[in-house]
$ cat target_7.txt   # compact mmCIF, C-alpha atoms
# COMPACT_ATOMS: atom_id res chain seq x y z
CA MET A 1 47.87 -99.24 -101.37
CA GLY A 2 45.24 -97.03 -102.96
CA ALA A 3 43.48 -94.34 -100.94
CA GLY A 4 40.88 -96.23 -98.89
CA HIS A 5 43.18 -97.02 -95.99
CA ASP A 6 44.42 -93.43 -95.90
CA THR A 7 40.85 -92.11 -95.95
CA VAL A 8 39.83 -94.21 -92.95
CA ALA A 9 42.97 -93.26 -91.01
CA ALA A 10 42.40 -89.57 -91.75
CA GLU A 11 38.80 -89.77 -90.50
CA LEU A 12 39.91 -91.42 -87.24
CA VAL A 13 42.49 -88.67 -86.75
CA ARG A 14 39.86 -85.99 -87.45
CA ARG A 15 37.50 -87.48 -84.86
CA ALA A 16 40.28 -87.78 -82.30
CA ARG A 17 41.40 -84.17 -82.72
CA GLU A 18 37.79 -82.98 -82.61
CA ARG A 19 37.59 -84.59 -79.15
CA GLY A 20 40.81 -82.95 -78.01
CA ASP A 21 43.03 -86.02 -78.34
CA THR A 22 46.34 -86.19 -80.17
CA ALA A 23 46.56 -88.51 -83.16
CA GLN A 24 48.66 -88.97 -86.26
CA THR A 25 48.90 -91.34 -89.20
CA VAL A 26 51.91 -93.21 -90.47
CA ASP A 27 52.20 -95.29 -93.63
CA VAL A 28 53.51 -98.73 -92.67
CA LEU A 29 55.10 -98.98 -96.12
CA ALA A 30 57.16 -95.89 -95.31
CA LEU A 31 58.47 -97.66 -92.20
CA LEU A 32 59.93 -100.50 -94.25
CA PRO A 33 63.68 -100.15 -94.90
CA TYR A 34 65.58 -100.20 -98.20
CA GLY A 35 62.71 -98.67 -100.19
CA LEU A 36 60.74 -101.91 -99.92
CA GLY A 37 57.48 -100.05 -99.36
CA ALA A 38 57.76 -98.17 -102.65
CA VAL A 39 58.60 -101.39 -104.47
CA LEU A 40 55.57 -103.16 -103.00
CA ARG A 41 53.26 -100.29 -103.91
CA CYS A 42 54.52 -100.17 -107.51
CA PHE A 43 54.27 -103.94 -107.85
CA TYR A 44 50.70 -104.02 -106.55
CA ARG A 45 49.56 -101.12 -108.71
CA GLY A 46 51.21 -102.60 -111.79
CA SER A 47 49.69 -106.01 -111.11
CA VAL A 48 46.10 -104.89 -110.68
CA ARG A 49 46.35 -102.51 -113.65
CA HIS A 50 48.18 -104.68 -116.17
CA PHE A 51 48.54 -108.25 -114.85
CA PRO A 52 45.46 -109.01 -112.71
CA TRP A 53 46.13 -112.75 -113.00
CA ALA A 54 49.40 -112.22 -111.08
CA TYR A 55 47.64 -110.48 -108.21
CA ALA A 56 44.92 -113.15 -108.18
CA ALA A 57 47.62 -115.81 -107.75
CA LEU A 58 49.26 -113.89 -104.89
CA TYR A 59 45.90 -113.42 -103.22
CA ARG A 60 45.19 -117.15 -103.32
CA LEU A 61 48.63 -117.84 -101.88
CA PHE A 62 48.88 -115.20 -99.14
CA LEU A 63 45.47 -113.71 -98.40
CA ARG A 64 42.59 -115.99 -99.27
CA PRO A 65 40.53 -116.98 -96.20
CA GLY A 66 40.51 -120.59 -95.12
CA ALA A 67 42.42 -123.20 -93.19
CA GLY A 68 45.81 -124.68 -93.98
CA ARG A 69 49.37 -123.47 -93.79
CA ARG A 70 50.27 -120.69 -96.18
CA PRO A 71 52.88 -117.92 -96.28
CA SER A 72 52.47 -115.08 -93.78
CA GLY A 73 53.13 -111.36 -94.16
CA THR A 74 54.78 -111.21 -90.74
CA PRO A 75 58.42 -111.69 -91.93
CA LEU A 76 58.04 -108.66 -94.18
CA ALA A 77 56.10 -106.58 -91.64
CA ARG A 78 58.61 -107.17 -88.85
CA LEU A 79 61.23 -105.26 -90.86
CA ALA A 80 59.33 -102.11 -89.87
CA GLY A 81 59.28 -103.07 -86.18
CA ASP A 82 62.13 -100.88 -84.91
CA ARG A 83 60.77 -97.77 -86.60
CA LEU A 84 57.25 -98.31 -85.28
CA ARG A 85 58.50 -98.90 -81.74
CA GLU A 86 60.61 -95.74 -81.91
CA LEU A 87 57.66 -93.73 -83.22
CA ALA A 88 55.32 -95.05 -80.50
CA ALA A 89 57.88 -94.20 -77.80
CA ARG A 90 58.68 -90.74 -79.18
CA THR A 91 55.02 -89.72 -79.48
CA GLY A 92 53.93 -91.26 -76.18
CA ALA A 93 51.23 -93.22 -77.98
CA ASP A 94 48.54 -94.89 -75.86
CA VAL A 95 47.29 -97.16 -78.65
CA VAL A 96 48.22 -98.18 -82.21
CA VAL A 97 45.41 -98.75 -84.72
CA PRO A 98 46.32 -100.63 -87.91
CA VAL A 99 43.90 -99.98 -90.79
CA PHE A 100 45.95 -102.02 -93.30
CA HIS A 101 46.61 -105.73 -93.02
CA LEU A 102 50.42 -105.41 -93.17
CA GLY A 103 50.20 -103.08 -90.18
CA ALA A 104 48.09 -105.66 -88.36
CA GLN A 105 50.78 -108.28 -88.95
CA LEU A 106 53.41 -105.88 -87.60
CA THR A 107 51.61 -104.89 -84.42
CA GLY A 108 50.53 -108.47 -83.76
CA HIS A 109 54.14 -109.64 -84.04
CA LEU A 110 55.39 -106.89 -81.71
CA ARG A 111 52.66 -107.39 -79.11
CA ASP A 112 53.11 -111.15 -79.19
CA ARG A 113 56.75 -110.74 -78.22
CA GLY A 114 56.24 -107.97 -75.68
CA LEU A 115 58.05 -105.42 -77.85
CA LEU A 116 55.17 -102.93 -78.13
CA PRO A 117 54.09 -101.68 -74.68
CA VAL A 118 50.71 -100.22 -75.75
CA PRO A 119 47.67 -102.10 -77.10
CA SER A 120 47.02 -102.62 -80.81
CA VAL A 121 43.43 -102.39 -82.04
CA VAL A 122 43.00 -103.55 -85.63
CA LEU A 123 40.33 -101.75 -87.63
CA VAL A 124 39.41 -104.13 -90.47
CA ILE A 125 38.06 -101.99 -93.30
CA ASP A 126 37.27 -104.86 -95.71
CA PHE A 127 33.97 -106.72 -95.89
CA GLU A 128 35.87 -109.92 -96.66
CA LEU A 129 38.11 -110.75 -93.72
CA HIS A 130 41.15 -112.27 -95.42
CA ARG A 131 43.75 -114.07 -93.34
CA GLN A 132 46.44 -111.36 -93.30
CA TRP A 133 44.18 -109.13 -91.21
CA LEU A 134 44.36 -111.74 -88.46
CA HIS A 135 47.23 -112.08 -85.99
CA PRO A 136 46.58 -113.50 -82.51
CA GLY A 137 49.08 -111.07 -80.98
CA ASN A 138 46.80 -108.07 -81.46
CA ASP A 139 44.65 -107.01 -78.52
CA HIS A 140 41.38 -106.37 -80.29
CA CYS A 141 39.67 -106.32 -83.72
CA LEU A 142 37.00 -103.92 -84.91
CA CYS A 143 35.02 -105.09 -87.95
CA LEU A 144 32.39 -103.79 -90.33
CA THR A 145 29.90 -106.56 -89.55
CA GLU A 146 29.14 -109.02 -86.77
CA GLU A 147 29.82 -111.87 -89.19
CA ALA A 148 33.37 -110.60 -89.70
CA ALA A 149 33.80 -110.11 -85.96
CA ARG A 150 32.81 -113.75 -85.34
CA GLU A 151 35.36 -114.88 -87.92
CA ALA A 152 38.05 -112.76 -86.26
CA ARG A 153 37.28 -114.21 -82.81
CA GLY A 154 37.22 -117.75 -84.15
CA ASN A 155 40.51 -117.43 -86.02
CA THR A 156 42.57 -115.53 -83.44
CA GLY A 157 40.94 -116.17 -80.06
CA THR A 158 41.15 -112.42 -79.35
CA PRO A 159 38.20 -110.09 -78.71
CA ALA A 160 36.46 -108.64 -81.76
CA GLU A 161 33.35 -106.52 -82.14
CA THR A 162 31.41 -104.51 -84.70
CA CYS A 163 31.92 -100.80 -85.21
CA GLY A 164 30.46 -100.39 -88.68
CA PRO A 165 32.19 -98.47 -91.49
CA VAL A 166 34.19 -95.33 -90.76
CA VAL A 167 33.25 -92.45 -93.07
CA ALA A 168 33.19 -88.67 -92.75
CA PRO A 169 29.86 -87.28 -91.46
CA GLU A 170 29.23 -85.37 -94.70
CA PHE A 171 28.35 -88.60 -96.51
CA SER A 172 25.38 -89.35 -94.28
CA ALA A 173 24.19 -85.74 -93.94
CA GLY A 174 20.65 -84.91 -95.00
CA ARG A 175 21.69 -81.97 -97.17
CA VAL A 176 25.06 -81.69 -98.88
CA PRO A 177 25.86 -78.27 -100.40
CA GLY A 178 27.88 -79.63 -103.33
CA ALA A 179 25.13 -81.97 -104.55
CA ALA A 180 23.18 -79.20 -106.31
CA GLN A 181 26.21 -78.19 -108.38
CA TRP A 182 26.84 -81.78 -109.40
CA ARG A 183 23.19 -82.19 -110.43
CA GLU A 184 23.48 -79.09 -112.62
CA THR A 185 26.55 -80.60 -114.28
CA PHE A 186 24.76 -83.90 -114.86
CA ASP A 187 21.67 -82.18 -116.30
CA ARG A 188 23.82 -80.12 -118.64
CA LEU A 189 25.79 -83.11 -119.96
CA GLY A 190 22.97 -85.67 -120.06
CA PRO A 191 19.53 -84.12 -119.73
CA GLY A 192 17.07 -86.70 -118.44
CA ARG A 193 19.74 -89.37 -118.08
CA PRO A 194 20.24 -90.90 -114.60
CA ALA A 195 23.83 -90.35 -113.49
CA VAL A 196 25.57 -93.63 -112.65
CA VAL A 197 29.00 -93.45 -111.02
CA LEU A 198 31.63 -96.05 -111.96
CA SER A 199 34.37 -96.37 -109.37
CA ALA A 200 37.85 -97.39 -110.54
CA GLY A 201 39.60 -96.55 -107.28
CA ALA A 202 42.43 -94.15 -106.64
CA TRP A 203 44.55 -95.83 -109.31
CA GLY A 204 41.91 -96.02 -112.03
CA VAL A 205 41.78 -99.81 -112.20
CA GLY A 206 39.02 -101.80 -113.86
CA SER A 207 38.13 -104.51 -116.32
CA HIS A 208 36.60 -103.43 -119.66
CA LEU A 209 35.55 -100.05 -118.31
CA ASP A 210 35.19 -98.69 -121.83
CA ALA A 211 32.67 -101.41 -122.70
CA THR A 212 30.65 -100.74 -119.54
CA VAL A 213 30.66 -97.03 -120.24
CA ARG A 214 29.38 -97.53 -123.80
CA LEU A 215 26.70 -99.93 -122.55
CA LEU A 216 25.39 -97.38 -120.07
CA SER A 217 25.48 -94.51 -122.54
CA ASP A 218 23.67 -96.57 -125.20
CA HIS A 219 20.89 -97.42 -122.72
CA GLY A 220 20.07 -93.93 -121.52
CA TYR A 221 22.40 -93.39 -118.57
CA LEU A 222 25.07 -90.76 -117.93
CA PRO A 223 28.24 -92.68 -116.95
CA VAL A 224 30.35 -90.74 -114.43
CA VAL A 225 33.72 -92.46 -114.19
CA LEU A 226 36.06 -91.94 -111.24
CA CYS A 227 39.47 -92.39 -112.88
CA GLY A 228 41.56 -91.43 -109.84
CA ASP A 229 45.12 -90.62 -110.83
CA ASN A 230 44.95 -92.64 -114.06
CA GLN A 231 45.19 -89.80 -116.56
CA ARG A 232 45.48 -92.18 -119.48
CA LEU A 233 42.14 -93.77 -118.59
CA ARG A 234 40.57 -90.36 -118.22
CA ARG A 235 41.80 -89.19 -121.62
CA THR A 236 40.57 -92.40 -123.26
CA LEU A 237 37.09 -92.25 -121.76
CA SER A 238 36.73 -88.50 -122.27
CA GLY A 239 36.66 -89.19 -126.00
CA THR A 240 33.47 -91.23 -125.62
CA PRO A 241 30.31 -89.14 -126.26
CA GLY A 242 27.92 -88.86 -123.33
CA VAL A 243 30.51 -89.72 -120.67
CA LEU A 244 31.85 -87.67 -117.76
CA ALA A 245 35.35 -88.90 -116.92
CA LEU A 246 36.72 -87.37 -113.71
CA GLY A 247 40.16 -87.31 -112.17
CA TRP A 248 40.68 -86.93 -108.44
CA VAL A 249 37.39 -85.72 -106.89
CA THR A 250 37.55 -83.60 -103.73
CA ASP A 251 33.78 -83.37 -103.21
CA MET A 252 32.81 -87.02 -103.01
CA PRO A 253 29.84 -86.41 -100.66
CA GLY A 254 28.26 -84.00 -103.13
CA LEU A 255 28.91 -86.28 -106.10
CA LEU A 256 27.44 -89.37 -104.45
CA HIS A 257 24.37 -87.53 -103.17
CA ALA A 258 23.69 -86.23 -106.70
CA ALA A 259 24.03 -89.59 -108.51
CA ARG A 260 21.47 -92.39 -108.78
CA ALA A 261 23.66 -95.50 -108.39
CA LEU A 262 27.25 -96.68 -108.03
CA ILE A 263 28.85 -99.46 -110.07
CA ASP A 264 31.62 -100.83 -107.88
CA ASN A 265 34.48 -103.23 -108.58
CA ALA A 266 36.36 -103.49 -105.28
CA ALA A 267 34.03 -103.23 -102.24
CA GLY A 268 36.33 -100.51 -100.99
CA GLN A 269 35.88 -97.15 -99.37
CA THR A 270 33.94 -95.60 -102.27
CA ALA A 271 31.31 -98.32 -101.94
CA VAL A 272 31.09 -97.69 -98.20
CA GLN A 273 30.73 -93.94 -98.77
CA ALA A 274 27.96 -94.61 -101.29
CA LEU A 275 26.04 -96.71 -98.76
CA ALA A 276 26.32 -93.89 -96.22
CA ALA A 277 25.07 -91.41 -98.82
CA GLY A 278 22.02 -93.54 -99.62
CA LEU A 279 23.25 -94.58 -103.06
CA PRO A 280 22.44 -98.10 -104.30
CA VAL A 281 25.56 -100.14 -105.11
CA VAL A 282 25.91 -102.73 -107.87
CA GLY A 283 29.04 -104.87 -108.07
CA HIS A 284 30.17 -105.54 -111.63
CA ARG A 285 33.39 -106.94 -113.11
CA PRO A 286 35.30 -106.76 -109.79
CA ILE A 287 39.07 -106.73 -109.68
CA PRO A 288 40.46 -110.15 -108.72
CA GLY A 289 41.26 -111.32 -105.21
CA HIS A 290 39.94 -109.20 -102.39
CA GLY A 291 37.83 -107.11 -104.79
CA ALA A 292 35.82 -110.06 -106.09
CA ASP A 293 35.46 -111.60 -102.62
CA GLY A 294 34.43 -108.28 -101.10
CA VAL A 295 31.85 -107.53 -103.78
CA ARG A 296 30.26 -110.94 -103.26
CA ARG A 297 30.33 -110.58 -99.47
CA MET A 298 28.55 -107.22 -99.70
CA ALA A 299 25.83 -108.77 -101.82
CA ALA A 300 25.49 -111.72 -99.42
CA LEU A 301 24.93 -109.21 -96.62
CA GLY A 302 22.11 -107.65 -98.62
CA VAL A 303 23.63 -104.18 -98.82
CA SER A 304 24.37 -104.35 -102.57
CA GLU A 305 23.78 -106.47 -105.66
CA VAL A 306 26.11 -108.31 -108.04
CA ALA A 307 25.56 -108.10 -111.78
CA GLU A 308 27.41 -110.95 -113.45
CA ASP A 309 26.83 -109.77 -117.02
CA ARG A 310 25.60 -106.79 -119.00
CA THR A 311 21.98 -107.95 -118.97
CA ALA A 312 21.97 -108.27 -115.20
CA LEU A 313 23.64 -104.87 -114.86
CA LEU A 314 21.01 -103.12 -116.95
CA GLU A 315 18.21 -104.91 -115.09
CA ALA A 316 19.63 -103.91 -111.70
CA LEU A 317 20.10 -100.27 -112.72
CA ALA A 318 16.58 -100.07 -114.11
CA ARG A 319 15.21 -101.11 -110.72
CA LEU A 320 17.60 -99.18 -108.49
CA THR A 321 17.82 -95.81 -110.24
CA ALA A 322 14.04 -95.37 -110.46
CA PRO A 323 11.92 -94.43 -107.43
CA GLY A 324 10.25 -97.46 -105.92
CA PRO A 325 10.40 -100.18 -103.27
CA ASP A 326 13.55 -101.87 -104.62
CA ARG A 327 15.52 -98.67 -104.41
CA ARG A 328 14.17 -97.84 -100.94
CA ARG A 329 14.97 -101.32 -99.60
CA ARG A 330 18.51 -101.25 -100.94
CA ILE A 331 19.18 -97.80 -99.50
CA ALA A 332 17.77 -98.81 -96.10
CA ALA A 333 19.90 -101.97 -96.00
CA GLY A 334 23.06 -100.01 -96.77
CA ARG A 335 22.40 -97.33 -94.19
CA ALA A 336 21.63 -99.96 -91.54
CA LEU A 337 25.37 -100.76 -91.47
CA PHE A 338 25.93 -97.40 -89.82
CA THR A 339 23.33 -97.71 -87.05
CA GLY A 340 23.37 -99.59 -83.77
CA ASN A 341 27.15 -99.80 -83.49
CA ALA A 342 29.51 -97.96 -81.19
CA ASP A 343 31.78 -95.35 -82.74
CA ALA A 344 35.12 -96.85 -83.79
CA LEU A 345 37.16 -94.13 -82.12
CA THR A 346 35.20 -94.47 -78.86
CA LEU A 347 35.94 -98.19 -78.81
CA VAL A 348 39.64 -97.53 -79.48
CA THR A 349 39.99 -94.92 -76.73
CA ASP A 350 38.01 -97.02 -74.24
CA LEU A 351 40.42 -99.90 -74.82
CA ALA A 352 43.39 -97.56 -74.41
CA ASP A 353 41.94 -96.18 -71.16
CA ALA A 354 41.40 -99.68 -69.81
CA ALA A 355 45.00 -100.62 -70.66
CA ARG A 356 46.34 -97.55 -68.84
CA ALA A 357 44.19 -98.36 -65.81
CA ASP A 358 45.61 -101.90 -65.73
CA VAL A 359 49.16 -100.52 -65.79
CA ARG A 360 48.43 -98.20 -62.85
CA ARG A 361 47.05 -101.08 -60.81
$ encode --input "target_7.txt" --output "structure tokens"
Amino acid sequence: MGAGHDTVAAELVRRARERGDTAQTVDVLALLPYGLGAVLRCFYRGSVRHFPWAYAALYRLFLRPGAGRRPSGTPLARLAGDRLRELAARTGADVVVPVFHLGAQLTGHLRDRGLLPVPSVVLVIDFELHRQWLHPGNDHCLCLTEEAAREARGNTGTPAETCGPVVAPEFSAGRVPGAAQWRETFDRLGPGRPAVVLSAGAWGVGSHLDATVRLLSDHGYLPVVLCGDNQRLRRTLSGTPGVLALGWVTDMPGLLHAARALIDNAAGQTAVQALAAGLPVVGHRPIPGHGADGVRRMAALGVSEVAEDRTALLEALARLTAPGPDRRRRIAAGRALFTGNADALTLVTDLADAARADVRR
């Protein structure tokens, strides 16, 4: 469902292999039978691109936090149970780490019924902890913030702690080789214009992106739009003077280190990478459901701002793209998410080691 979950999983695998462990990723949608995973992916992408009201309704029904009985994702997730159990047995896995909420429902169901012999440690990658991340059958939850960890403990009764966001080390590096090349590109296309990145996710999804782009260009900024795999969006925006519309970007660390701010609409992995890179984040026109809730939760934590209209957006960018105390405070607050927490992979492997020790005893 987009690329954020894949990016986090890939970074965990990289860290594990760097330490000499064996790790691999599997898409829980690929484990579903009858092509259901492909259908779900197409439905979700079509909804958020063309019928956001439909996804908003589904979010309120299935995902929205809060008390009361509502439908669960477990009946769907359990269809992948046999394939996950076979994979865990064949690979000799010591731990399973869901980084997507449907995976958390699956592992929680299997652990609750004694069908998965190794622990499941859920890595919640969203700022807003919606209810489908939570299943009391899972052994442990790792969350981005202590607030989310408290919610997880209170709703499931299982242990939960803070690990902070999981990003590749290049994002928080002091010097990033690709940044200089991006700055040259920005200076060539918009001399003297602060480069502001607009994130539309891997699928190029957003509300009135063309209007936001024109607003920024008219007020002295260089809009840099991440269109993902949405070639139609890229072609449309490329026709707007003073705009850099990009497809799939392979050097995200360099790009984010070269820009002056990020306009975000989903509180997803791009926003987290921007915080690690020291780039102020402004939430604007978020996608419905988890995007809107996540953007507001980030702002409530003090790591970003929300601009409800065009006037507020321009005011926020004026403060945050220019050198000064507002920009420094926002950068410091974002980077604080990555300090003082144990490494996510270390927590996962410690839990796996403890489970193996219990079995030996």
$ atom_distance --input "target_7.txt" --atom1 "CA of Ala267 (chain A)" --atom2 "CA of Val295 (chain A)"
5.1 Å
$ closest_residue --input "target_7.txt" --among "A:Gly340, A:Gly294, A:Pro98, A:Pro136" --to "Val122 (chain A)" --atoms "all atoms listed in the file"
A:Pro98
$ residues_around --input "target_7.txt" --residues "Thr236 (chain A)" --least-positions-apart "4" --cutoff "10 Å" --atoms "only C-alpha atoms" --output "ChimeraX atom specification"
/A:210,231-232,240,245
$ atom_distance --input "target_7.txt" --atom1 "CA of Ala152 (chain A)" --atom2 "CA of Glu128 (chain A)"
11.0 Å
$ closest_residue --input "target_7.txt" --among "A:Ala89, A:Val197, A:Leu189, A:Ala352" --to "Val224 (chain A)" --atoms "all atoms listed in the file"
A:Val197
$ closest_residue --input "target_7.txt" --among "A:Ala77, A:Val48, A:Ala38, A:Ala292" --to "Trp203 (chain A)" --atoms "only C-alpha atoms"
A:Val48
$ axis_aligned_box --input "target_7.txt" --around "region 220-234 of chain A" --padding-each-side "4 Å" --output "JSON"
{"center_x": 32.8, "center_y": -91.9, "center_z": -115.7, "size_x": 33.4, "size_y": 12.1, "size_z": 19.7}
$ closest_residue --input "target_7.txt" --among "A:Ile263, A:Ala93, A:Leu142, A:Ala344" --to "Leu209 (chain A)" --atoms "only C-alpha atoms"
A:Ile263
